[in-house]
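Asks: Pasting coords-v3.pdb below, which is PDB, C-alpha atoms.
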ATOM      1  CA  MET A   1       0.000   0.000   0.000
ATOM      2  CA  PRO A   2       1.312   3.481  -0.812
ATOM      3  CA  GLU A   3       2.354   5.589   2.126
ATOM      4  CA  ALA A   4       0.608   8.890   2.811
ATOM      5  CA  SER A   5       2.011  11.547   0.547
ATOM      6  CA  PRO A   6       1.046  15.185   0.025
ATOM      7  CA  ASP A   7       1.637  14.786  -3.709
ATOM      8  CA  ARG A   8      -1.164  12.181  -4.110
ATOM      9  CA  ILE A   9      -4.480  14.043  -4.310
ATOM     10  CA  VAL A  10      -8.144  13.125  -4.783
ATOM     11  CA  ALA A  11     -10.830  15.507  -6.015
ATOM     12  CA  ASP A  12     -14.478  14.762  -5.210
ATOM     13  CA  ALA A  13     -16.767  13.662  -8.067
ATOM     14  CA  ASP A  14     -18.566  17.010  -8.026
ATOM     15  CA  VAL A  15     -15.246  18.813  -8.482
ATOM     16  CA  LEU A  16     -14.308  16.562 -11.401
ATOM     17  CA  ALA A  17     -17.709  17.228 -12.978
ATOM     18  CA  ALA A  18     -17.531  20.994 -12.318
ATOM     19  CA  ASP A  19     -14.103  21.122 -13.949
ATOM     20  CA  LEU A  20     -15.774  19.948 -17.160
ATOM     21  CA  LEU A  21     -19.120  21.726 -16.934
ATOM     22  CA  VAL A  22     -18.555  24.950 -14.992
ATOM     23  CA  GLY A  23     -14.892  25.874 -14.682
ATOM     24  CA  GLY A  24     -14.388  28.314 -11.815
ATOM     25  CA  HIS A  25     -12.591  27.164  -8.680
ATOM     26  CA  ALA A  26     -12.780  23.495  -9.678
ATOM     27  CA  ARG A  27     -10.958  24.192 -12.942
ATOM     28  CA  THR A  28      -8.407  26.418 -11.195
ATOM     29  CA  ALA A  29      -7.586  23.738  -8.624
ATOM     30  CA  LEU A  30      -7.332  20.921 -11.154
ATOM     31  CA  ASP A  31      -5.335  23.049 -13.614
ATOM     32  CA  TYR A  32      -2.861  23.625 -10.779
ATOM     33  CA  LEU A  33      -2.507  19.854 -10.393
ATOM     34  CA  ARG A  34      -2.162  19.338 -14.139
ATOM     35  CA  ASP A  35       0.539  22.029 -14.328
ATOM     36  CA  HIS A  36       2.731  20.265 -11.752
ATOM     37  CA  GLU A  37       3.816  16.833 -12.899
ATOM     38  CA  TRP A  38       5.071  15.957  -9.408
ATOM     39  CA  LEU A  39       1.435  15.972  -8.204
ATOM     40  CA  THR A  40      -0.700  12.882  -8.834
ATOM     41  CA  LEU A  41      -4.477  13.023  -9.173
ATOM     42  CA  LEU A  42      -6.000   9.746  -7.976
ATOM     43  CA  ALA A  43      -9.331   8.167  -8.870
ATOM     44  CA  SER A  44     -10.998   4.862  -8.120
ATOM     45  CA  GLU A  45     -13.590   3.117 -10.279
ATOM     46  CA  ALA A  46     -16.232   4.153  -7.736
ATOM     47  CA  LEU A  47     -15.159   7.807  -7.989
ATOM     48  CA  LEU A  48     -15.212   7.619 -11.793
ATOM     49  CA  ASP A  49     -18.685   6.019 -11.620
ATOM     50  CA  ASP A  50     -19.929   8.841  -9.391
ATOM     51  CA  THR A  51     -18.404  11.509 -11.634
ATOM     52  CA  GLU A  52     -19.947   9.937 -14.717
ATOM     53  CA  ALA A  53     -23.365   9.848 -13.018
ATOM     54  CA  VAL A  54     -23.139  13.543 -12.051
ATOM     55  CA  VAL A  55     -22.184  14.613 -15.582
ATOM     56  CA  ALA A  56     -24.874  12.404 -17.142
ATOM     57  CA  GLU A  57     -27.484  13.900 -14.814
ATOM     58  CA  VAL A  58     -26.721  17.528 -15.646
ATOM     59  CA  ALA A  59     -25.463  17.122 -19.228
ATOM     60  CA  THR A  60     -25.623  14.031 -21.459
ATOM     61  CA  PRO A  61     -24.612  10.382 -21.078
ATOM     62  CA  ALA A  62     -22.326  10.723 -24.116
ATOM     63  CA  LEU A  63     -20.448  13.659 -22.569
ATOM     64  CA  ALA A  64     -20.266  11.758 -19.268
ATOM     65  CA  ALA A  65     -18.731   8.706 -20.969
ATOM     66  CA  ALA A  66     -16.190  10.842 -22.850
ATOM     67  CA  HIS A  67     -15.234  12.678 -19.644
ATOM     68  CA  ARG A  68     -14.788   9.382 -17.815
ATOM     69  CA  GLU A  69     -12.463   8.130 -20.572
ATOM     70  CA  ARG A  70     -10.389  11.296 -20.277
ATOM     71  CA  LEU A  71     -10.238  11.013 -16.482
ATOM     72  CA  ALA A  72      -9.153   7.376 -16.740
ATOM     73  CA  VAL A  73      -6.127   8.562 -18.726
ATOM     74  CA  ASP A  74      -5.421  11.685 -16.638
ATOM     75  CA  THR A  75      -5.616  10.043 -13.195
ATOM     76  CA  THR A  76      -3.828   7.241 -11.394
ATOM     77  CA  ALA A  77      -6.139   4.367 -10.514
ATOM     78  CA  VAL A  78      -6.443   3.347  -6.865
ATOM     79  CA  ASP A  79      -8.498   0.744  -5.024
ATOM     80  CA  HIS A  80     -10.285   1.277  -1.760
ATOM     81  CA  PRO A  81     -12.937  -0.512   0.288
ATOM     82  CA  GLU A  82     -16.558  -0.028  -0.802
ATOM     83  CA  GLY A  83     -18.122   2.969   0.915
ATOM     84  CA  ASP A  84     -14.729   4.525   1.616
ATOM     85  CA  HIS A  85     -13.616   7.670  -0.208
ATOM     86  CA  PRO A  86      -9.969   7.444  -1.288
ATOM     87  CA  ALA A  87      -9.276  10.762   0.444
ATOM     88  CA  SER A  88     -10.709   9.721   3.807
ATOM     89  CA  PRO A  89      -8.299  10.084   6.718
ATOM     90  CA  ALA A  90      -6.056   7.073   7.066
ATOM     91  CA  PRO A  91      -7.173   4.594   9.741
ATOM     92  CA  THR A  92      -4.801   3.528  12.483
ATOM     93  CA  ALA A  93      -2.114   1.048  11.473
ATOM     94  CA  ALA A  94      -4.001  -1.855  13.062
ATOM     95  CA  ALA A  95      -7.211  -1.053  11.188
ATOM     96  CA  ARG A  96      -5.654   0.092   7.899
ATOM     97  CA  PRO A  97      -6.941  -1.957   4.938
ATOM     98  CA  THR A  98      -4.244  -3.077   2.535
ATOM     99  CA  SER A  99      -5.998  -1.687  -0.548
ATOM    100  CA  SER A 100      -6.888   1.781   0.761
ATOM    101  CA  ALA A 101      -5.292   4.819  -0.843
ATOM    102  CA  THR A 102      -3.862   7.205   1.716
ATOM    103  CA  THR A 103      -4.104  10.720   0.287
ATOM    104  CA  ARG A 104      -5.410  14.170   0.942
ATOM    105  CA  THR A 105      -8.351  15.875  -0.654
ATOM    106  CA  CYS A 106      -7.737  18.692  -3.089
ATOM    107  CA  CYS A 107     -11.278  19.966  -3.189
ATOM    108  CA  ARG A 108     -14.591  18.728  -1.872
ATOM    109  CA  SER A 109     -17.988  19.992  -2.729
ATOM    110  CA  GLY A 110     -20.776  20.544  -0.267
ATOM    111  CA  ARG A 111     -22.902  17.878  -1.959
ATOM    112  CA  GLY A 112     -24.093  15.362   0.607
TER     113      GLY A 112
END
How does this structure look as structure tokens?
Replies:
Amino acid sequence: MPEASPDRIVADADVLAADLLVGGHARTALDYLRDHEWLTLLASEALLDDTEAVVAEVATPALAAAHRERLAVDTTAVDHPEGDHPASPAPTAAARPTSSATTRTCCRSGRG
């Protein structure tokens, strides 16, 4: 399992969708990551699923699928337990799952 590292970052699905559809702060934050090759944007299949669903809901399924394909190329894939967000705080060493990605969150939306 990768160790915690400030250069491994996860953006919430709403931020990934807003980067495509709105721009603004989401685009600014993700452009910063894209401009610095030493930073790694992480995404799990579950996060990509959620992002695709958000884009499909507010735009079109075709745009959502194309955005997901782009994100799959532009991010580093990680695994994590179902129901866990890859940017959740790392559990204690005794409780740490072997497949969890230990990262920090770049941006999180207020969507509940």
Asks: Given the file shown, determine the residues that the PyMOL selection byres ((chain A and resi 53) around 12) selects; report them as a PDB file with C-alpha atoms, keeping the file's coordinate frame.
Replies:
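As a result, result_32.pdb now contains:
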ATOM      1  CA  ALA A  13     -16.767  13.662  -8.067  1.00  0.00           C
ATOM      2  CA  ASP A  14     -18.566  17.010  -8.026  1.00  0.00           C
ATOM      3  CA  LEU A  16     -14.308  16.562 -11.401  1.00  0.00           C
ATOM      4  CA  ALA A  17     -17.709  17.228 -12.978  1.00  0.00           C
ATOM      5  CA  ALA A  46     -16.232   4.153  -7.736  1.00  0.00           C
ATOM      6  CA  LEU A  47     -15.159   7.807  -7.989  1.00  0.00           C
ATOM      7  CA  LEU A  48     -15.212   7.619 -11.793  1.00  0.00           C
ATOM      8  CA  ASP A  49     -18.685   6.019 -11.620  1.00  0.00           C
ATOM      9  CA  ASP A  50     -19.929   8.841  -9.391  1.00  0.00           C
ATOM     10  CA  THR A  51     -18.404  11.509 -11.634  1.00  0.00           C
ATOM     11  CA  GLU A  52     -19.947   9.937 -14.717  1.00  0.00           C
ATOM     12  CA  VAL A  54     -23.139  13.543 -12.051  1.00  0.00           C
ATOM     13  CA  VAL A  55     -22.184  14.613 -15.582  1.00  0.00           C
ATOM     14  CA  ALA A  56     -24.874  12.404 -17.142  1.00  0.00           C
ATOM     15  CA  GLU A  57     -27.484  13.900 -14.814  1.00  0.00           C
ATOM     16  CA  VAL A  58     -26.721  17.528 -15.646  1.00  0.00           C
ATOM     17  CA  ALA A  59     -25.463  17.122 -19.228  1.00  0.00           C
ATOM     18  CA  THR A  60     -25.623  14.031 -21.459  1.00  0.00           C
ATOM     19  CA  PRO A  61     -24.612  10.382 -21.078  1.00  0.00           C
ATOM     20  CA  ALA A  62     -22.326  10.723 -24.116  1.00  0.00           C
ATOM     21  CA  LEU A  63     -20.448  13.659 -22.569  1.00  0.00           C
ATOM     22  CA  ALA A  64     -20.266  11.758 -19.268  1.00  0.00           C
ATOM     23  CA  ALA A  65     -18.731   8.706 -20.969  1.00  0.00           C
ATOM     24  CA  HIS A  67     -15.234  12.678 -19.644  1.00  0.00           C
ATOM     25  CA  ARG A  68     -14.788   9.382 -17.815  1.00  0.00           C
TER      26      ARG A  68
END
Asks: Calculated over all atoms listed in the file, which of the candidates A:Ala77, A:Asp7, A:Gly83, A:Leu71 has the smallest distance to Trp38 (chain A)?
Replies: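 That would be A:Asp7, the residue with the smallest distance to Trp38 (chain A).
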Asks: To test your reading of the syntax: which residues would the PyMOL selection byres ((chain A and resi 43) around 9) return for the file shown? Reply as a PDB file with C-alpha atoms, keeping the file's coordinate frame.
Replies:
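Written file, out-v9.pdb:
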ATOM      1  CA  ILE A   9      -4.480  14.043  -4.310  1.00  0.00           C
ATOM      2  CA  VAL A  10      -8.144  13.125  -4.783  1.00  0.00           C
ATOM      3  CA  ALA A  11     -10.830  15.507  -6.015  1.00  0.00           C
ATOM      4  CA  LEU A  41      -4.477  13.023  -9.173  1.00  0.00           C
ATOM      5  CA  LEU A  42      -6.000   9.746  -7.976  1.00  0.00           C
ATOM      6  CA  SER A  44     -10.998   4.862  -8.120  1.00  0.00           C
ATOM      7  CA  GLU A  45     -13.590   3.117 -10.279  1.00  0.00           C
ATOM      8  CA  ALA A  46     -16.232   4.153  -7.736  1.00  0.00           C
ATOM      9  CA  LEU A  47     -15.159   7.807  -7.989  1.00  0.00           C
ATOM     10  CA  LEU A  48     -15.212   7.619 -11.793  1.00  0.00           C
ATOM     11  CA  LEU A  71     -10.238  11.013 -16.482  1.00  0.00           C
ATOM     12  CA  ALA A  72      -9.153   7.376 -16.740  1.00  0.00           C
ATOM     13  CA  THR A  75      -5.616  10.043 -13.195  1.00  0.00           C
ATOM     14  CA  THR A  76      -3.828   7.241 -11.394  1.00  0.00           C
ATOM     15  CA  ALA A  77      -6.139   4.367 -10.514  1.00  0.00           C
ATOM     16  CA  VAL A  78      -6.443   3.347  -6.865  1.00  0.00           C
ATOM     17  CA  ASP A  79      -8.498   0.744  -5.024  1.00  0.00           C
ATOM     18  CA  PRO A  86      -9.969   7.444  -1.288  1.00  0.00           C
TER      19      PRO A  86
END
Asks: For CA of Glu82 (chain A) and CA of Arg34 (chain A), quote the distance in Å rounded to one decimal.
Replies: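 Between these atoms lies a distance of 27.6 Å.
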Asks: From the options A:Ser5, A:Asp19, A:Arg70, A:Asp12, which residue's atoms come nearest to Thr40 (chain A), counting only C-alpha atoms?
Replies: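 So, comparing all the options, the nearest one is A:Ser5.
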